[in-house]
Each structure stands twice: as structure tokens, then as C-alpha cells.
Amino acid sequence: MNAGVSVREFDICVVGLGPAGRGLAHRAAGAGLRVAAVDPRPERLFPPTFSCWVDELPGWLPESAIAQRIAAPTVWTKTEHRIERAYCVLSKAGLHAALAIDDATVFAQRAGRVDQHEVELADGTVISAGTVFDTRGLPTLGKRRAASAHGIFVDADTAAPMVGDGEGLLLDWRPENGAGPDEPPSFLYAVPLGDGTVIFEETSLGLRGGMPQHELRKRTLNRLAAHGIRLTGDEPHEAAHYPLDQPPPKKGAAAAIPFGSRGGMMHPCTGYSVGDSLALIDTAVSAVQQGTDPVEALWPWQARAVYWMRMRGLWGLGRLTTDQSIAMFEAFFTESERGQRALLSAHDDYTALGAVLFNTVAHTWPFRWRYDLVGWTNRNRWVDYPFAEPA
């Protein structure tokens, strides 16, 4: 297409084709809207490994999008907890195929200017649309509160002493990562991927600027060694390092609508975003069809109250020690099923979330640790912590 050409108007233009953007383009085109989709590599499989609770997924997503189901994942705090709620790892190829965008007009280019009703591409082409959604993921981290993880992919037979077939460790706080009591805390996440491998991923939540990859890798290897698992060093690995405090869009802003992790759907306390993003796609599409504001549809006051409370939870996570984290999660995972869902995944259950946050603080023991949870003491405990340089 020649530079400077203006393309006819579309109903929707989606900029960025990760799971949120690709899903939005897929459902909007299926609803009969004229859709433009912009991404420099539209056919690339999603690089990260995505997981979520099965009941978060929308009914229109086919079973082929799921690579591995875990009927009751395990959480280790002071004791072992079996969470009777199905969890899943999504298939990169299956999810990509399920979110087909054959009925959209795809522009395999990088977007430059992204405005409320126009997108200018690198070659000068201008796409105009009734609604522009910006789904390009998160901005740079800097010193924001972060999720950091280092994942190592291990053959299932080698991983069996820790994670068997159909099992999963959602949060493993057992003291096996080699970190001392005066070091920032981290936990292990380990699940089978449905392809004969298991990912072991040491994870840190809430630290300003995050935890370095070399520190997380060292802790992951320490955990594996504690269970007699030795690696060759040639195993594939992946890194995650992104902010958790991306806010929802403001109402009435004269700008493109951020959607997905870019638009406040990154869970501040867990780092999950795909389940919520996929579940809210039809809400956004319906608003466009009806000529109403998608931001108001996606973010009613109840959902904004939930986000506000979860942000308080994020600030609390970022200042706890390992022992305090274990005590807090022990209290949380003895709460009601509804309370757990309100924190972990419900988009707008503000009453249950308020209750579970209050009860979690109230049941965290010793009593003085509650002051750290709510920020009365040690508010900046781990800010600029001097992690050791890699060996």
C-alpha cells in the first residue's frame, strides 16, 4: 500500500494482536463489525505461557485452546491446601487458532500514532475507525511494582518428584529456595504444560522494579535440588518482568481505549490478565454495537472498587517478609470459596473482596504483622534492595 494513503473507515481498529487484541478482533468480526487489526507480526504464536482458572474462560472459546487441565492445584503455605477449582494451561497454538481473524483486515505493520479514531502506520497509511482499541500490552517497568518470574522447562519424568501428571503447584512457599529471612520473598509456580514438560517458575510479586532474573533462577534451581532434581543447564527457559499497577482507563478520555493488560485487566495481586481479558471481550463488542462507551461498560464503579482494593493488596505484598507472606496466604486460603474467587478472579464482586481482605488481615498472626500488611510499618522495606550480582 502506498505511503500516505487513507484507508476507508472501520467500525473497530485493534492495535496489537496478543490474546486480548486477537480475541477482540475475532469476536468483533464474528459479530459483523468491520474490523482492522494492526500488528507487525500478526501470525506469530504468543511467546509467554498463559494460564487461568477454567471457569474464567468465555463459553465461546473451544476446548482446543486448553493444553492442560489441573483439577485441584496445590498451595503450600504453613500447610498444604488443595484448591477444588479447575485450573488450566492454555495452548499457544490452540489459542491462536481459536482466535482466528480471517474476517478482519490485517495490517502487518507497526503502529506509530494511535488516537481515538485514527491509527497511523509506519508507512504513513492512516486507518480511521469508529473505535480504536490499544491492546499492545504493558509499558516499560522502570521502578513500578512488578511481577518477576524465571521459568525453566523440565521433562515430565525428571519433574515427577515434585509435580506429577495432572498436578500443579500454584504457590509453593516451602522454605526451599535458599533465600534468607532478610531477603525479599518469592514462591514457586509449577505446572505441566500438556506437551511432556513441566515449567518450574520462581515468582516475585509486588517489588518495586522487580527481582532480577539471575536471583530467581538461582532460587528455582535450589528448590529443584531440594527434591533431588538436577538439571543439565541446557533446558529451555523463559523470563517474565512486567508492572502490576497498570490502571483502568479514565471515562471520557479523548484517546484510544486501552484493553487487556494495557487497560487495567492485569490483576494487581496475581499478575494474571488473559482470563479477565477474554471474558470481557463481548462486553466491549456489545458496547460498540450499541453505540455506548466501552469504558463505562467494562469499568462500572463496582469493578473500579475491586481494582482499588486489589491495589491495596499489591502494596501489602510488596513489603512483606517470607514468614509474613506465608502467614498471610495461610489466612487467605482458609477463607470462603467466594472470598477466594473475589480476590483471585471476580471482576466486580466488591463486597466479597472487601470482606476477604479484612478477614485475611484480621487472621494473619502474629498481630504486629498486620501493621506491615496495611502499611503502618515498614512501608518501603524492600525498596532498592541490593541483590547480589550473578556469579
# chains A, B, ... in the order shown; residues from 1 in each chain; ligands from 1
>>> closest_atom_pairs(of="stretch 174-193 of chain A", to="stretch 87-92 of chain A", cutoff="8 Å", atoms="only C-alpha atoms", output="CSV")
residue,atom,partner,partner_atom,distance
A:Val191,CA,A:Val89,CA,7.9
A:Pro192,CA,A:Val89,CA,7.9
A:Leu193,CA,A:Val89,CA,6.2
>>> write_last_selection(atoms="N, CA and C atoms", output="PDB file, in the first residue's frame")
ATOM      1  N   VAL A 191       3.646 -26.140  36.872  1.00  0.00           N
ATOM      2  CA  VAL A 191       2.509 -26.839  36.272  1.00  0.00           C
ATOM      3  C   VAL A 191       2.965 -27.594  35.025  1.00  0.00           C
ATOM      4  N   PRO A 192       2.332 -28.729  34.728  1.00  0.00           N
ATOM      5  CA  PRO A 192       2.586 -29.407  33.451  1.00  0.00           C
ATOM      6  C   PRO A 192       1.950 -28.622  32.311  1.00  0.00           C
ATOM      7  N   LEU A 193       2.585 -28.661  31.141  1.00  0.00           N
ATOM      8  CA  LEU A 193       2.135 -27.848  30.015  1.00  0.00           C
ATOM      9  C   LEU A 193       1.382 -28.638  28.956  1.00  0.00           C
TER      10      LEU A 193
END
>>> residues_around(residues="A:Glu176", least_positions_apart="2", cutoff="8 Å", atoms="only C-alpha atoms", output="VMD selection string")
chain A and resid 174 178 to 179 222 to 223 226
>>> closest_residue(among="A:Asp182, A:Leu314, A:Asp155, A:Asn177", to="A:Glu215", atoms="only C-alpha atoms")
A:Asn177
>>> residues_around(residues="stretch 58-66 of chain A", least_positions_apart="6", cutoff="12 Å", atoms="only C-alpha atoms", output="CSV table (one decimal) with N, CA, C and O atoms, in the first residue's frame")
chain,number,residue,atom,x,y,z
A,19,PRO,N,-3.2,-12.2,22.9
A,19,PRO,CA,-4.5,-12.8,23.2
A,19,PRO,C,-5.7,-11.9,23.3
A,19,PRO,O,-6.8,-12.1,22.7
A,23,GLY,N,-8.3,-11.8,20.3
A,23,GLY,CA,-9.7,-12.2,20.7
A,23,GLY,C,-10.7,-11.1,20.4
A,23,GLY,O,-11.8,-11.4,20.0
A,26,HIS,N,-11.3,-11.0,16.7
A,26,HIS,CA,-12.0,-12.2,16.3
A,26,HIS,C,-13.5,-12.1,16.6
A,26,HIS,O,-14.4,-12.4,15.7
A,27,ARG,N,-13.9,-11.7,17.8
A,27,ARG,CA,-15.3,-11.6,18.2
A,27,ARG,C,-16.0,-10.5,17.5
A,27,ARG,O,-17.2,-10.6,17.2
A,30,GLY,N,-16.7,-11.5,14.0
A,30,GLY,CA,-17.8,-12.5,14.0
A,30,GLY,C,-19.1,-11.9,14.3
A,30,GLY,O,-20.2,-12.5,13.9
A,49,THR,N,3.8,-18.3,28.3
A,49,THR,CA,2.9,-19.4,28.7
A,49,THR,C,1.7,-18.8,29.5
A,49,THR,O,2.0,-18.1,30.5
A,50,PHE,N,0.5,-18.9,29.1
A,50,PHE,CA,-0.7,-18.3,29.7
A,50,PHE,C,-1.4,-19.4,30.5
A,50,PHE,O,-1.6,-20.5,29.9
A,51,SER,N,-1.9,-19.1,31.6
A,51,SER,CA,-2.8,-20.0,32.4
A,51,SER,C,-3.9,-19.2,33.1
A,51,SER,O,-3.9,-17.9,33.1
A,52,CYS,N,-4.9,-19.9,33.5
A,52,CYS,CA,-6.1,-19.2,34.2
A,52,CYS,C,-6.9,-20.3,34.8
A,52,CYS,O,-6.7,-21.5,34.6
A,86,ALA,N,-11.0,-26.0,39.1
A,86,ALA,CA,-10.2,-26.4,37.9
A,86,ALA,C,-9.3,-25.3,37.4
A,86,ALA,O,-9.8,-24.1,37.2
A,87,TYR,N,-8.1,-25.6,37.1
A,87,TYR,CA,-7.1,-24.6,36.6
A,87,TYR,C,-6.6,-25.2,35.2
A,87,TYR,O,-6.7,-26.4,35.0
A,88,CYS,N,-6.1,-24.3,34.4
A,88,CYS,CA,-5.7,-24.8,33.1
A,88,CYS,C,-4.5,-24.0,32.6
A,88,CYS,O,-4.3,-22.8,32.9
A,89,VAL,N,-3.7,-24.6,31.7
A,89,VAL,CA,-2.6,-24.0,31.0
A,89,VAL,C,-3.2,-23.9,29.5
A,89,VAL,O,-3.6,-24.9,29.0
A,90,LEU,N,-3.1,-22.8,28.9
A,90,LEU,CA,-3.6,-22.6,27.6
A,90,LEU,C,-2.5,-23.0,26.5
A,90,LEU,O,-1.3,-22.9,26.7
A,91,SER,N,-3.0,-23.6,25.4
A,91,SER,CA,-2.2,-24.0,24.3
A,91,SER,C,-1.9,-22.8,23.5
A,91,SER,O,-2.8,-22.1,23.0
A,92,LYS,N,-0.6,-22.5,23.2
A,92,LYS,CA,-0.2,-21.4,22.4
A,92,LYS,C,-0.8,-21.5,21.0
A,92,LYS,O,-1.4,-20.6,20.5
A,93,ALA,N,-0.6,-22.7,20.4
A,93,ALA,CA,-1.1,-22.9,19.0
A,93,ALA,C,-2.6,-23.0,19.0
A,93,ALA,O,-3.3,-22.5,18.2
A,94,GLY,N,-3.2,-23.7,20.0
A,94,GLY,CA,-4.6,-23.9,20.1
A,94,GLY,C,-5.4,-22.6,20.3
A,94,GLY,O,-6.4,-22.3,19.7
A,95,LEU,N,-4.8,-21.7,21.2
A,95,LEU,CA,-5.5,-20.4,21.5
A,95,LEU,C,-5.4,-19.5,20.3
A,95,LEU,O,-6.3,-18.8,19.9
A,96,HIS,N,-4.2,-19.5,19.6
A,96,HIS,CA,-4.0,-18.7,18.5
A,96,HIS,C,-5.0,-19.1,17.3
A,96,HIS,O,-5.6,-18.2,16.7
A,97,ALA,N,-5.2,-20.4,17.1
A,97,ALA,CA,-6.1,-20.8,16.1
A,97,ALA,C,-7.5,-20.6,16.4
A,97,ALA,O,-8.3,-20.2,15.5
A,98,ALA,N,-7.9,-20.6,17.7
A,98,ALA,CA,-9.3,-20.4,18.1
A,98,ALA,C,-9.6,-18.9,18.0
A,98,ALA,O,-10.8,-18.6,17.8
A,99,LEU,N,-8.7,-18.0,18.0
A,99,LEU,CA,-8.9,-16.6,17.8
A,99,LEU,C,-8.6,-16.2,16.4
A,99,LEU,O,-7.9,-15.2,16.1
A,100,ALA,N,-9.2,-16.9,15.4
A,100,ALA,CA,-8.9,-16.6,14.0
A,100,ALA,C,-9.4,-15.2,13.6
A,100,ALA,O,-10.5,-14.7,14.1
A,193,LEU,N,2.6,-28.7,31.1
A,193,LEU,CA,2.1,-27.8,30.0
A,193,LEU,C,1.4,-28.6,29.0
A,193,LEU,O,1.0,-28.1,27.9
A,194,GLY,N,1.2,-29.9,29.2
A,194,GLY,CA,0.5,-30.7,28.2
A,194,GLY,C,1.3,-31.2,27.0
A,194,GLY,O,0.7,-31.8,26.1
A,195,ASP,N,2.6,-30.9,27.0
A,195,ASP,CA,3.4,-31.3,25.9
A,195,ASP,C,4.6,-32.2,26.4
A,195,ASP,O,5.6,-32.3,25.7
A,274,VAL,N,-5.1,-12.8,31.1
A,274,VAL,CA,-5.7,-13.3,30.0
A,274,VAL,C,-7.1,-13.8,30.2
A,274,VAL,O,-8.0,-13.5,29.4
A,275,GLY,N,-7.4,-14.4,31.3
A,275,GLY,CA,-8.8,-14.9,31.6
A,275,GLY,C,-9.7,-13.7,31.7
A,275,GLY,O,-10.8,-13.8,31.1
A,276,ASP,N,-9.4,-12.7,32.4
A,276,ASP,CA,-10.3,-11.5,32.5
A,276,ASP,C,-10.4,-10.8,31.2
A,276,ASP,O,-11.5,-10.4,30.8
A,277,SER,N,-9.3,-10.7,30.4
A,277,SER,CA,-9.4,-10.0,29.1
A,277,SER,C,-10.3,-10.8,28.2
A,277,SER,O,-11.2,-10.1,27.5
A,278,LEU,N,-10.2,-12.1,28.1
A,278,LEU,CA,-11.0,-12.9,27.2
A,278,LEU,C,-12.5,-12.8,27.6
A,278,LEU,O,-13.4,-12.7,26.8
A,279,ALA,N,-12.7,-12.8,28.9
A,279,ALA,CA,-14.1,-12.8,29.4
A,279,ALA,C,-14.8,-11.5,29.2
A,279,ALA,O,-16.0,-11.4,29.1
A,280,LEU,N,-14.1,-10.4,29.0
A,280,LEU,CA,-14.7,-9.1,28.9
A,280,LEU,C,-14.8,-8.6,27.4
A,280,LEU,O,-15.3,-7.5,27.1
A,281,ILE,N,-14.3,-9.5,26.5
A,281,ILE,CA,-14.3,-9.1,25.1
A,281,ILE,C,-15.7,-8.8,24.6
A,281,ILE,O,-16.0,-7.8,23.9
A,282,ASP,N,-16.6,-9.7,24.9
A,282,ASP,CA,-18.0,-9.5,24.4
A,282,ASP,C,-18.7,-8.2,25.0
A,282,ASP,O,-19.5,-7.6,24.3
A,283,THR,N,-18.3,-7.9,26.2
A,283,THR,CA,-18.8,-6.6,26.8
A,283,THR,C,-18.4,-5.4,25.9
A,283,THR,O,-19.2,-4.5,25.6
>>> atom_distance(atom1="atom CA of A:Arg312", atom2="atom CA of A:Ala240")
22.6 Å
>>> closest_residue(among="A:Ser6, A:Ser261, A:Gln340, A:Thr105", to="A:Val35", atoms="only C-alpha atoms")
A:Thr105
>>> atom_distance(atom1="atom CA of A:Ala111", atom2="atom CA of A:Pro40")
8.1 Å
>>> residues_around(residues="A:Ile127", least_positions_apart="6", cutoff="9 Å", atoms="only C-alpha atoms", output="list in words")
Val5, Ser6, Val7, Arg8, Glu9, Phe10, Cys13, Ala36, His117, Glu118, Val119, Glu120 and Leu121 of chain A
>>> write_last_selection(atoms="N, CA and C atoms", output="tab-separated table (two decimals), in the first residue's frame")
chain	number	residue	atom	x	y	z
A	5	VAL	N	-1.61	6.87	2.13
A	5	VAL	CA	-2.96	6.53	1.71
A	5	VAL	C	-3.86	6.43	2.94
A	6	SER	N	-5.05	7.00	2.83
A	6	SER	CA	-6.02	6.90	3.92
A	6	SER	C	-6.99	5.75	3.60
A	7	VAL	N	-7.12	4.82	4.53
A	7	VAL	CA	-7.96	3.65	4.34
A	7	VAL	C	-9.38	3.99	4.74
A	8	ARG	N	-10.35	3.32	4.11
A	8	ARG	CA	-11.75	3.57	4.45
A	8	ARG	C	-11.99	3.30	5.93
A	9	GLU	N	-13.06	3.86	6.43
A	9	GLU	CA	-13.35	3.76	7.87
A	9	GLU	C	-13.80	2.36	8.25
A	10	PHE	N	-13.35	1.92	9.40
A	10	PHE	CA	-13.76	0.65	10.01
A	10	PHE	C	-14.60	0.95	11.24
A	13	CYS	N	-10.77	-0.61	15.14
A	13	CYS	CA	-9.37	-0.89	14.82
A	13	CYS	C	-8.70	-1.39	16.09
A	36	ALA	N	-10.36	-3.65	11.57
A	36	ALA	CA	-8.96	-3.55	11.16
A	36	ALA	C	-8.10	-4.02	12.32
A	117	HIS	N	-9.69	7.90	17.06
A	117	HIS	CA	-10.38	7.41	15.87
A	117	HIS	C	-9.43	7.15	14.70
A	118	GLU	N	-8.14	7.31	14.90
A	118	GLU	CA	-7.19	7.10	13.81
A	118	GLU	C	-5.95	6.37	14.30
A	119	VAL	N	-5.39	5.57	13.38
A	119	VAL	CA	-4.12	4.89	13.62
A	119	VAL	C	-3.25	5.14	12.40
A	120	GLU	N	-2.08	5.69	12.62
A	120	GLU	CA	-1.14	5.92	11.52
A	120	GLU	C	-0.05	4.85	11.58
A	121	LEU	N	0.14	4.17	10.47
A	121	LEU	CA	1.12	3.09	10.40
A	121	LEU	C	2.50	3.62	10.05
>>> residues_around(residues="A:Val14", least_positions_apart="2", cutoff="9 Å", atoms="only C-alpha atoms", output="ChimeraX atom specification")
/A:12,16-17,21-22,24-25,35-39,131-135
>>> residues_around(residues="A:Trp299", least_positions_apart="4", cutoff="9 Å", atoms="only C-alpha atoms", output="list in words")
Pro248, Pro249, Lys251, Pro294, Val295, Ala303, Arg304 and Asp348 of chain A
>>> write_last_selection(atoms="C-alpha atoms", output="PDB file, in the first residue's frame")
ATOM      1  CA  PRO A 248      -8.076   1.159  34.175  1.00  0.00           C
ATOM      2  CA  PRO A 249      -8.791   3.837  31.557  1.00  0.00           C
ATOM      3  CA  LYS A 251     -14.035   7.704  31.412  1.00  0.00           C
ATOM      4  CA  PRO A 294     -16.945   0.693  26.073  1.00  0.00           C
ATOM      5  CA  VAL A 295     -15.007   2.108  29.032  1.00  0.00           C
ATOM      6  CA  ALA A 303     -15.154  -3.039  39.017  1.00  0.00           C
ATOM      7  CA  ARG A 304     -13.208   0.121  39.826  1.00  0.00           C
ATOM      8  CA  ASP A 348     -16.725  -6.757  40.205  1.00  0.00           C
TER       9      ASP A 348
END
